[in-house]
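What's in input-v2.cif: mmCIF, C-alpha atoms
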```
data_structure
#
loop_
_atom_site.label_atom_id
_atom_site.label_comp_id
_atom_site.auth_asym_id
_atom_site.auth_seq_id
_atom_site.Cartn_x
_atom_site.Cartn_y
_atom_site.Cartn_z
CA MET A 180 18.73 82.63 34.17
CA TYR A 181 19.34 83.53 30.54
CA LYS A 182 22.96 84.55 29.98
CA ILE A 183 23.83 87.17 27.38
CA ILE A 184 27.20 86.55 25.75
CA LEU A 185 28.84 89.94 25.35
CA ASN A 186 31.38 90.74 22.68
CA GLN A 187 33.50 93.19 24.63
CA THR A 188 35.64 94.12 21.65
CA ALA A 189 32.56 95.13 19.63
CA LEU A 190 30.87 97.17 22.36
CA THR A 191 31.77 100.59 23.63
CA LYS A 192 31.97 101.27 27.35
CA SER A 193 28.48 102.82 27.40
CA GLU A 194 27.05 99.92 25.36
CA MET A 195 28.60 97.47 27.83
CA LEU A 196 26.84 99.28 30.67
CA ILE A 197 23.52 99.03 28.77
CA MET A 198 23.92 95.31 28.21
CA LYS A 199 25.01 94.77 31.82
CA TYR A 200 21.85 96.52 32.97
CA ILE A 201 19.75 94.30 30.71
CA GLN A 202 21.52 91.18 32.04
CA ASP A 203 20.99 92.27 35.66
CA ASN A 204 17.28 92.80 34.96
CA ILE A 205 16.78 89.87 32.61
CA ASP A 206 13.94 88.38 34.68
CA ASN A 207 11.96 91.63 34.42
CA LEU A 208 12.76 92.41 30.79
CA ASP A 209 9.14 91.91 29.70
CA GLN A 210 8.12 94.78 31.99
CA LEU A 211 10.84 97.11 30.67
CA SER A 212 10.36 99.13 27.51
CA ILE A 213 13.26 100.36 25.44
CA ASN A 214 12.51 103.81 26.85
CA ASP A 215 12.81 102.44 30.41
CA ILE A 216 16.19 100.88 29.61
CA ALA A 217 17.47 104.09 28.01
CA LYS A 218 16.30 106.17 30.97
CA ASN A 219 17.73 103.81 33.60
CA THR A 220 21.12 103.63 31.83
CA PHE A 221 21.31 107.36 31.11
CA SER A 222 21.47 106.64 27.38
CA SER A 223 19.28 107.03 24.31
CA ILE A 224 16.84 104.65 22.61
CA SER A 225 19.15 104.42 19.61
CA SER A 226 22.09 103.52 21.89
CA VAL A 227 20.07 100.69 23.52
CA SER A 228 18.98 99.39 20.13
CA ARG A 229 22.54 99.53 18.79
CA ALA A 230 24.00 97.77 21.85
CA VAL A 231 21.49 94.93 21.63
CA LYS A 232 22.07 94.44 17.90
CA LYS A 233 25.86 94.52 18.30
CA SER A 234 25.47 91.80 20.96
CA GLY A 235 24.13 89.44 18.29
CA TYR A 236 20.40 90.13 18.40
CA LYS A 237 19.83 91.55 14.92
CA GLY A 238 16.11 91.85 15.57
CA GLY A 239 16.79 94.14 18.51
CA LEU A 240 15.10 93.97 21.88
CA SER A 241 12.18 91.90 20.56
CA GLU A 242 14.57 89.15 19.42
CA LEU A 243 16.34 89.19 22.78
CA ARG A 244 12.99 88.73 24.55
CA PHE A 245 12.15 85.88 22.17
CA ARG A 246 15.47 84.11 22.89
CA ILE A 247 14.88 84.40 26.61
CA HIS A 248 11.39 82.88 26.35
CA GLU A 249 12.71 80.18 24.01
CA GLN A 250 15.31 79.14 26.58
CA ILE A 251 12.76 79.17 29.42
CA ASN A 252 10.30 77.07 27.40
CA ASN A 253 13.07 74.64 26.46
CA LYS A 254 14.05 74.32 30.12
CA ASN A 255 10.42 73.75 31.14
CA ASN A 256 10.01 71.12 28.41
CA LYS A 257 13.13 69.29 29.59
CA GLU A 258 11.88 69.38 33.17
CA LEU A 259 8.53 67.95 32.05
CA ILE A 260 10.24 65.12 30.16
CA TYR A 261 12.33 64.38 33.26
CA GLN A 262 9.21 64.28 35.46
CA ILE A 263 7.50 61.87 33.04
CA MET A 264 10.56 59.61 32.96
CA GLN A 265 10.81 59.70 36.75
CA LYS A 266 7.15 58.70 37.03
CA SER A 267 7.69 55.64 34.82
CA LEU A 268 10.83 54.73 36.73
CA LEU A 269 9.08 55.11 40.09
CA GLU A 270 6.07 53.02 38.98
CA THR A 271 8.44 50.27 37.86
CA LYS A 272 10.54 50.37 41.03
CA GLN A 273 7.52 50.37 43.35
CA THR A 274 5.90 47.54 41.39
CA PHE A 275 9.01 45.35 41.61
CA ASP A 276 9.54 46.22 45.28
CA ASN A 277 5.95 45.25 46.16
CA LEU A 278 5.82 41.97 44.23
CA GLU A 279 6.20 38.81 46.31
CA HIS A 280 8.35 36.18 44.64
CA ASP A 281 6.25 33.35 46.09
CA GLN A 282 3.15 34.86 44.50
CA ILE A 283 4.91 35.03 41.13
CA LEU A 284 5.89 31.37 41.41
CA ASN A 285 2.34 30.44 42.40
CA PHE A 286 1.09 32.28 39.31
CA ILE A 287 3.56 30.28 37.19
CA LYS A 288 2.33 26.99 38.72
CA LEU A 289 -1.28 27.85 37.87
CA VAL A 290 -0.29 28.59 34.28
CA MET A 291 1.73 25.39 33.92
CA SER A 292 -1.09 23.20 35.26
CA SER A 293 -4.02 24.71 33.34
CA PRO A 294 -5.49 23.06 30.21
CA LYS A 295 -6.82 26.41 28.96
CA ILE A 296 -6.10 30.00 29.92
CA PHE A 297 -8.68 32.75 29.46
CA VAL A 298 -7.42 36.34 29.65
CA ILE A 299 -9.95 39.12 30.23
CA SER A 300 -9.65 42.91 30.31
CA ASN A 301 -11.38 46.18 29.46
CA ALA A 302 -10.68 49.32 27.43
CA ILE A 303 -7.04 50.35 26.85
CA THR A 304 -5.83 47.48 29.06
CA ASN A 305 -6.83 45.21 26.15
CA PHE A 306 -3.57 46.11 24.40
CA CYS A 307 -1.53 44.90 27.36
CA SER A 308 -3.54 41.72 27.94
CA GLY A 309 -3.62 41.06 24.18
CA GLU A 310 0.16 41.08 24.05
CA PHE A 311 0.25 38.70 27.02
CA GLU A 312 -2.10 36.32 25.19
CA LEU A 313 0.10 36.48 22.08
CA ARG A 314 3.26 35.72 24.05
CA MET A 315 1.56 32.84 25.85
CA ASN A 316 0.40 31.27 22.60
CA ILE A 317 3.90 31.65 21.11
CA LEU A 318 5.20 29.79 24.16
CA GLY A 319 2.73 26.99 23.45
CA PHE A 320 0.02 27.66 26.03
CA ASN A 321 -3.63 27.32 25.01
CA THR A 322 -4.61 30.93 25.67
CA PHE A 323 -7.69 32.94 24.69
CA HIS A 324 -8.27 36.69 25.01
CA ILE A 325 -11.80 37.94 25.78
CA SER A 326 -12.32 41.68 25.89
CA ASP A 327 -15.82 42.61 24.74
CA LEU A 328 -18.87 43.69 26.73
CA ASN A 329 -20.08 40.10 27.20
CA ILE A 330 -17.01 38.91 29.09
CA ASP A 331 -18.96 37.28 31.90
CA MET A 332 -21.34 35.47 29.52
CA LYS A 333 -18.47 34.11 27.42
CA ILE A 334 -16.52 32.98 30.46
CA ASN A 335 -19.61 31.21 31.77
CA ALA A 336 -19.97 29.40 28.43
CA LEU A 337 -16.31 28.52 27.86
CA ILE A 338 -14.39 28.03 31.10
CA LYS A 339 -14.18 24.58 32.67
CA LYS A 340 -12.87 23.04 35.86
CA ASN A 341 -9.09 23.50 36.29
CA ASP A 342 -8.92 26.13 33.52
CA LEU A 343 -7.28 29.43 34.46
CA LEU A 344 -8.89 32.84 34.32
CA VAL A 345 -6.37 35.72 34.22
CA ILE A 346 -7.80 39.16 34.94
CA PHE A 347 -5.92 42.22 33.69
CA SER A 348 -7.07 45.43 35.34
CA LEU A 349 -5.39 48.79 35.93
CA ASN A 350 -7.84 50.31 38.36
CA GLU A 351 -11.17 49.16 36.98
CA ASN A 352 -13.70 47.74 39.40
CA ALA A 353 -16.16 46.79 36.66
CA ASP A 354 -19.04 44.48 37.47
CA THR A 355 -18.14 42.35 34.44
CA MET A 356 -14.78 41.42 36.01
CA TYR A 357 -16.45 40.60 39.31
CA LYS A 358 -19.15 38.50 37.62
CA ALA A 359 -16.62 36.68 35.43
CA ALA A 360 -14.45 35.85 38.46
CA LYS A 361 -17.46 34.63 40.44
CA LEU A 362 -18.69 32.46 37.55
CA ALA A 363 -15.23 30.96 37.09
CA LYS A 364 -15.01 30.20 40.80
CA ASN A 365 -18.38 28.46 40.72
CA LYS A 366 -17.04 26.22 37.96
CA ASN A 367 -13.97 25.30 40.04
CA ALA A 368 -11.64 27.14 37.67
CA LYS A 369 -8.50 28.82 38.96
CA ILE A 370 -8.26 32.60 38.99
CA ALA A 371 -5.26 34.93 38.86
CA ALA A 372 -5.10 38.72 38.60
CA ILE A 373 -2.59 41.25 37.35
CA THR A 374 -3.84 44.60 38.59
CA CYS A 375 -3.00 47.93 40.22
CA ASN A 376 -6.20 47.98 42.25
CA LYS A 377 -5.58 46.24 45.56
CA ASN A 378 -9.21 46.85 46.55
CA ALA A 379 -10.84 45.38 43.45
CA LYS A 380 -13.94 43.31 44.28
CA PHE A 381 -12.86 40.40 42.08
CA LEU A 382 -9.74 39.79 44.21
CA GLN A 383 -11.82 37.86 46.75
CA PHE A 384 -12.15 35.04 44.18
CA CYS A 385 -8.48 34.99 43.14
CA ASP A 386 -6.06 32.19 43.97
CA VAL A 387 -3.15 34.49 43.13
CA SER A 388 -2.96 38.25 42.65
CA LEU A 389 0.03 40.30 41.50
CA ILE A 390 -0.42 43.96 42.45
CA GLY A 391 1.43 46.70 40.58
CA SER A 392 1.98 50.31 41.58
CA LYS A 393 0.31 53.13 39.65
CA ILE A 394 0.98 56.83 40.23
CA GLY A 395 -2.01 59.11 39.79
CA VAL A 396 -5.03 58.94 37.50
CA ARG A 397 -4.64 60.28 33.97
CA ARG A 398 -7.74 61.11 31.94
CA PHE A 399 -8.22 62.81 28.60
CA ASN A 400 -11.72 63.51 27.28
CA LYS A 401 -13.03 61.38 30.18
CA ILE A 402 -10.98 58.40 28.96
CA ASP A 403 -8.42 56.77 31.25
CA ILE A 404 -5.06 57.10 29.47
CA ALA A 405 -2.90 56.20 32.46
CA SER A 406 0.21 54.18 31.70
CA ARG A 407 -0.11 50.38 31.76
CA ILE A 408 3.63 50.01 32.39
CA PRO A 409 3.08 48.19 35.73
CA LEU A 410 0.85 45.60 34.03
CA TYR A 411 3.31 45.19 31.14
CA ASN A 412 6.18 44.71 33.59
CA ILE A 413 4.35 42.06 35.60
CA SER A 414 3.18 40.17 32.51
CA ARG A 415 6.70 40.25 31.12
CA ILE A 416 8.05 38.65 34.30
CA ILE A 417 5.55 35.81 33.83
CA THR A 418 6.26 35.19 30.13
CA ASP A 419 10.04 35.58 30.45
CA TYR A 420 10.12 33.11 33.35
CA LEU A 421 8.02 30.62 31.37
CA ARG A 422 10.31 31.01 28.36
CA TYR A 423 13.33 30.33 30.57
CA GLU A 424 11.71 27.18 32.01
CA ILE A 425 10.74 25.90 28.56
CA GLU A 426 14.25 26.48 27.15
CA LYS A 427 15.81 24.81 30.20
CA ASN A 428 13.63 21.74 29.78
CA ASP A 429 14.37 21.57 26.04
CA ASN A 430 18.11 21.56 26.73
CA ASN A 431 17.86 18.73 29.25
#
```

Re-express the file's structure as structure tokens.
Amino acid sequence: MYKIILNQTALTKSEMLIMKYIQDNIDNLDQLSINDIAKNTFSSISSVSRAVKKSGYKGGLSELRFRIHEQINNKNNKELIYQIMQKSLLETKQTFDNLEHDQILNFIKLVMSSPKIFVISNAITNFCSGEFELRMNILGFNTFHISDLNIDMKINALIKKNDLLVIFSLNENADTMYKAAKLAKNKNAKIAAITCNKNAKFLQFCDVSLIGSKIGVRRFNKIDIASRIPLYNISRIITDYLRYEIEKNDNN
């Protein structure tokens, strides 16, 4: 509730009663006119106006209403920010809780034993998978990012036996991912997935799958703008672990 700070030394006894009435009815102030307040406090319109102005609201009752709405909007905005932060925190916690350490290590083994690594993704997920490809190349792994509409055709042309196909997918169940995974499997390549869709069709071809947790579906203008934080977190675990292994081997 909005709290009016009263300057008792500046207000007369009758003005204090007016301001106390306003404070007691602060939640309904929008429905009360200055006439209503004057009538209910057995005072005059000028007395109400003077009491409000002497309480620090130089613009009168309209300014007081504005300050109340400003505080409510600020509170609502803070609550919204908190909810957004909690969502990100919960997605991260659930993702880490659900990940199996053995699966992470199996993913690492596939990476370490693969001559070439092909990373595929769609839409906004390209930014996440593109960063993963960059990190992998910095670490010295022969990694290629494929993200256009002809993913399956390019994989069919480029991937060889013992290469690794890494599928990044938030919740997509696109035919291109399925076709690319199937083609890679037919060529005896290895397949790993970083996804939040535990029911994705391409998972049947995967040697390893790391499943993240995603809360809700967010769309704007029919475009999926949901957070890729779970995918970023999983990919960071992979690259940070690889960096640690490389630095450990360099120091030995």

#### Entry: Picked residues, the PyMOL selection byres ((chain A and resi 287) around 10), expected as a PyMOL selection string
chain A and resi 281-286+288-292+387+416-418+420-421

Name every residue that the PyMOL selection byres ((chain A and resi 341) around 9) selects in this structure, writing the answer as an mmCIF file with C-alpha atoms, in the frame of the given file with chains first and numbers rising.
```
data_model
loop_
_atom_site.group_PDB
_atom_site.id
_atom_site.type_symbol
_atom_site.label_atom_id
_atom_site.label_comp_id
_atom_site.auth_asym_id
_atom_site.auth_seq_id
_atom_site.Cartn_x
_atom_site.Cartn_y
_atom_site.Cartn_z
ATOM 1 C CA SER A 292 -1.090 23.200 35.260
ATOM 2 C CA SER A 293 -4.020 24.710 33.340
ATOM 3 C CA PRO A 294 -5.490 23.060 30.210
ATOM 4 C CA LYS A 295 -6.820 26.410 28.960
ATOM 5 C CA ILE A 338 -14.390 28.030 31.100
ATOM 6 C CA LYS A 339 -14.180 24.580 32.670
ATOM 7 C CA LYS A 340 -12.870 23.040 35.860
ATOM 8 C CA ASP A 342 -8.920 26.130 33.520
ATOM 9 C CA LEU A 343 -7.280 29.430 34.460
ATOM 10 C CA LYS A 366 -17.040 26.220 37.960
ATOM 11 C CA ASN A 367 -13.970 25.300 40.040
ATOM 12 C CA ALA A 368 -11.640 27.140 37.670
ATOM 13 C CA LYS A 369 -8.500 28.820 38.960
#
```

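Here CA of Ile425 in chain A is placed at a distance of 8.1 Å from CA of Leu318 in chain A.
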
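The space between CA of Thr304 in chain A and CA of Ile325 in chain A spans 11.7 Å.
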
### Message
To test your reading of the syntax: which residues would the PyMOL selection byres ((chain A and resi 356) around 10) return for the file shown? Reply as JSON, numbers by chain.
### Response
{"A": [299, 300, 301, 330, 331, 346, 347, 348, 351, 352, 353, 354, 355, 357, 358, 359, 360, 361, 362, 379, 380, 381, 382]}

### Query
Using all atoms listed in the file, which of A:Asn378, A:Gln202, A:Ser308, A:Asn253 sits nearest Arg415 in chain A?
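Answer, going by the shortest atom-to-atom distance: A:Ser308.
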
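All residues of protein, DNA or RNA that reach within 12 Å of Leu313 in chain A, judged by all atoms listed in the file and not counting those fewer than 5 positions away in the chain, are Ile296, Val298, Asn305, Phe306, Cys307, Ser308, Leu318, Gly319, Phe320, Asn321, Thr322, Phe323, His324, Ser414, Arg415 and Thr418 of chain A.
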
### Task
Can you pull out every residue within 12 Å of range 248-250 of chain A, counting all atoms listed in the file, but drop anything in the same chain fewer than 3 positions away, and send it as number ranges by chain?
A: 180-183, 205-209, 241-245, 253-257

With C-alpha atoms retained, export the selected residues as a PDB file, in the frame of the given file.
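Resulting contents of out19.pdb:
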```
ATOM      1  CA  MET A 180      18.730  82.630  34.170  1.00  0.00           C
ATOM      2  CA  TYR A 181      19.340  83.530  30.540  1.00  0.00           C
ATOM      3  CA  LYS A 182      22.960  84.550  29.980  1.00  0.00           C
ATOM      4  CA  ILE A 183      23.830  87.170  27.380  1.00  0.00           C
ATOM      5  CA  ILE A 205      16.780  89.870  32.610  1.00  0.00           C
ATOM      6  CA  ASP A 206      13.940  88.380  34.680  1.00  0.00           C
ATOM      7  CA  ASN A 207      11.960  91.630  34.420  1.00  0.00           C
ATOM      8  CA  LEU A 208      12.760  92.410  30.790  1.00  0.00           C
ATOM      9  CA  ASP A 209       9.140  91.910  29.700  1.00  0.00           C
ATOM     10  CA  SER A 241      12.180  91.900  20.560  1.00  0.00           C
ATOM     11  CA  GLU A 242      14.570  89.150  19.420  1.00  0.00           C
ATOM     12  CA  LEU A 243      16.340  89.190  22.780  1.00  0.00           C
ATOM     13  CA  ARG A 244      12.990  88.730  24.550  1.00  0.00           C
ATOM     14  CA  PHE A 245      12.150  85.880  22.170  1.00  0.00           C
ATOM     15  CA  ASN A 253      13.070  74.640  26.460  1.00  0.00           C
ATOM     16  CA  LYS A 254      14.050  74.320  30.120  1.00  0.00           C
ATOM     17  CA  ASN A 255      10.420  73.750  31.140  1.00  0.00           C
ATOM     18  CA  ASN A 256      10.010  71.120  28.410  1.00  0.00           C
ATOM     19  CA  LYS A 257      13.130  69.290  29.590  1.00  0.00           C
TER      20      LYS A 257
END
```

Quick one: residues within 9 Å of (-1.6, 45.9, 38.4) (file frame), counting all atoms listed in the file, please, as a PDB file with C-alpha atoms, in the coordinates of the input.
```pdb
ATOM      1  CA  THR A 274       5.900  47.540  41.390  1.00  0.00           C
ATOM      2  CA  PHE A 347      -5.920  42.220  33.690  1.00  0.00           C
ATOM      3  CA  SER A 348      -7.070  45.430  35.340  1.00  0.00           C
ATOM      4  CA  LEU A 349      -5.390  48.790  35.930  1.00  0.00           C
ATOM      5  CA  ASN A 350      -7.840  50.310  38.360  1.00  0.00           C
ATOM      6  CA  ALA A 372      -5.100  38.720  38.600  1.00  0.00           C
ATOM      7  CA  ILE A 373      -2.590  41.250  37.350  1.00  0.00           C
ATOM      8  CA  THR A 374      -3.840  44.600  38.590  1.00  0.00           C
ATOM      9  CA  CYS A 375      -3.000  47.930  40.220  1.00  0.00           C
ATOM     10  CA  ASN A 376      -6.200  47.980  42.250  1.00  0.00           C
ATOM     11  CA  LYS A 377      -5.580  46.240  45.560  1.00  0.00           C
ATOM     12  CA  SER A 388      -2.960  38.250  42.650  1.00  0.00           C
ATOM     13  CA  LEU A 389       0.030  40.300  41.500  1.00  0.00           C
ATOM     14  CA  ILE A 390      -0.420  43.960  42.450  1.00  0.00           C
ATOM     15  CA  GLY A 391       1.430  46.700  40.580  1.00  0.00           C
ATOM     16  CA  SER A 392       1.980  50.310  41.580  1.00  0.00           C
ATOM     17  CA  LYS A 393       0.310  53.130  39.650  1.00  0.00           C
ATOM     18  CA  ARG A 407      -0.110  50.380  31.760  1.00  0.00           C
ATOM     19  CA  ILE A 408       3.630  50.010  32.390  1.00  0.00           C
ATOM     20  CA  PRO A 409       3.080  48.190  35.730  1.00  0.00           C
ATOM     21  CA  LEU A 410       0.850  45.600  34.030  1.00  0.00           C
ATOM     22  CA  TYR A 411       3.310  45.190  31.140  1.00  0.00           C
ATOM     23  CA  ILE A 413       4.350  42.060  35.600  1.00  0.00           C
TER      24      ILE A 413
END
```

Can you complete the atoms of range 227-240 of chain A to N, CA, C and O atoms and list them as a PDB file, keeping the file's coordinate frame?
```
ATOM      1  N   VAL A 227      20.528 102.006  23.030  1.00  0.00           N
ATOM      2  CA  VAL A 227      20.070 100.690  23.520  1.00  0.00           C
ATOM      3  C   VAL A 227      19.881  99.741  22.344  1.00  0.00           C
ATOM      4  O   VAL A 227      20.346  98.590  22.378  1.00  0.00           O
ATOM      5  N   SER A 228      19.227 100.222  21.298  1.00  0.00           N
ATOM      6  CA  SER A 228      18.980  99.390  20.130  1.00  0.00           C
ATOM      7  C   SER A 228      20.287  98.934  19.503  1.00  0.00           C
ATOM      8  O   SER A 228      20.450  97.764  19.136  1.00  0.00           O
ATOM      9  N   ARG A 229      21.248  99.851  19.395  1.00  0.00           N
ATOM     10  CA  ARG A 229      22.540  99.530  18.790  1.00  0.00           C
ATOM     11  C   ARG A 229      23.311  98.525  19.644  1.00  0.00           C
ATOM     12  O   ARG A 229      23.911  97.578  19.126  1.00  0.00           O
ATOM     13  N   ALA A 230      23.271  98.681  20.954  1.00  0.00           N
ATOM     14  CA  ALA A 230      24.000  97.770  21.850  1.00  0.00           C
ATOM     15  C   ALA A 230      23.437  96.352  21.761  1.00  0.00           C
ATOM     16  O   ALA A 230      24.194  95.372  21.725  1.00  0.00           O
ATOM     17  N   VAL A 231      22.129  96.258  21.710  1.00  0.00           N
ATOM     18  CA  VAL A 231      21.490  94.930  21.630  1.00  0.00           C
ATOM     19  C   VAL A 231      21.825  94.260  20.305  1.00  0.00           C
ATOM     20  O   VAL A 231      22.163  93.067  20.261  1.00  0.00           O
ATOM     21  N   LYS A 232      21.775  95.012  19.214  1.00  0.00           N
ATOM     22  CA  LYS A 232      22.070  94.440  17.900  1.00  0.00           C
ATOM     23  C   LYS A 232      23.533  94.038  17.790  1.00  0.00           C
ATOM     24  O   LYS A 232      23.856  92.991  17.218  1.00  0.00           O
ATOM     25  N   LYS A 233      24.436  94.842  18.345  1.00  0.00           N
ATOM     26  CA  LYS A 233      25.860  94.520  18.300  1.00  0.00           C
ATOM     27  C   LYS A 233      26.199  93.317  19.180  1.00  0.00           C
ATOM     28  O   LYS A 233      27.250  92.697  19.026  1.00  0.00           O
ATOM     29  N   SER A 234      25.277  92.975  20.096  1.00  0.00           N
ATOM     30  CA  SER A 234      25.470  91.800  20.960  1.00  0.00           C
ATOM     31  C   SER A 234      24.967  90.515  20.299  1.00  0.00           C
ATOM     32  O   SER A 234      24.979  89.449  20.905  1.00  0.00           O
ATOM     33  N   GLY A 235      24.524  90.631  19.043  1.00  0.00           N
ATOM     34  CA  GLY A 235      24.130  89.440  18.290  1.00  0.00           C
ATOM     35  C   GLY A 235      22.644  89.280  18.063  1.00  0.00           C
ATOM     36  O   GLY A 235      22.221  88.313  17.434  1.00  0.00           O
ATOM     37  N   TYR A 236      21.859  90.224  18.543  1.00  0.00           N
ATOM     38  CA  TYR A 236      20.400  90.130  18.400  1.00  0.00           C
ATOM     39  C   TYR A 236      19.967  91.117  17.314  1.00  0.00           C
ATOM     40  O   TYR A 236      19.615  92.266  17.594  1.00  0.00           O
ATOM     41  N   LYS A 237      20.059  90.662  16.060  1.00  0.00           N
ATOM     42  CA  LYS A 237      19.830  91.550  14.920  1.00  0.00           C
ATOM     43  C   LYS A 237      18.414  92.111  14.900  1.00  0.00           C
ATOM     44  O   LYS A 237      18.166  93.166  14.332  1.00  0.00           O
ATOM     45  N   GLY A 238      17.497  91.388  15.521  1.00  0.00           N
ATOM     46  CA  GLY A 238      16.110  91.850  15.570  1.00  0.00           C
ATOM     47  C   GLY A 238      15.858  92.817  16.712  1.00  0.00           C
ATOM     48  O   GLY A 238      14.704  93.197  16.962  1.00  0.00           O
ATOM     49  N   GLY A 239      16.919  93.183  17.427  1.00  0.00           N
ATOM     50  CA  GLY A 239      16.790  94.140  18.510  1.00  0.00           C
ATOM     51  C   GLY A 239      16.234  93.544  19.781  1.00  0.00           C
ATOM     52  O   GLY A 239      16.350  92.337  20.038  1.00  0.00           O
ATOM     53  N   LEU A 240      15.600  94.373  20.572  1.00  0.00           N
ATOM     54  CA  LEU A 240      15.100  93.970  21.880  1.00  0.00           C
ATOM     55  C   LEU A 240      14.039  92.878  21.778  1.00  0.00           C
ATOM     56  O   LEU A 240      13.955  91.995  22.639  1.00  0.00           O
TER      57      LEU A 240
END
```
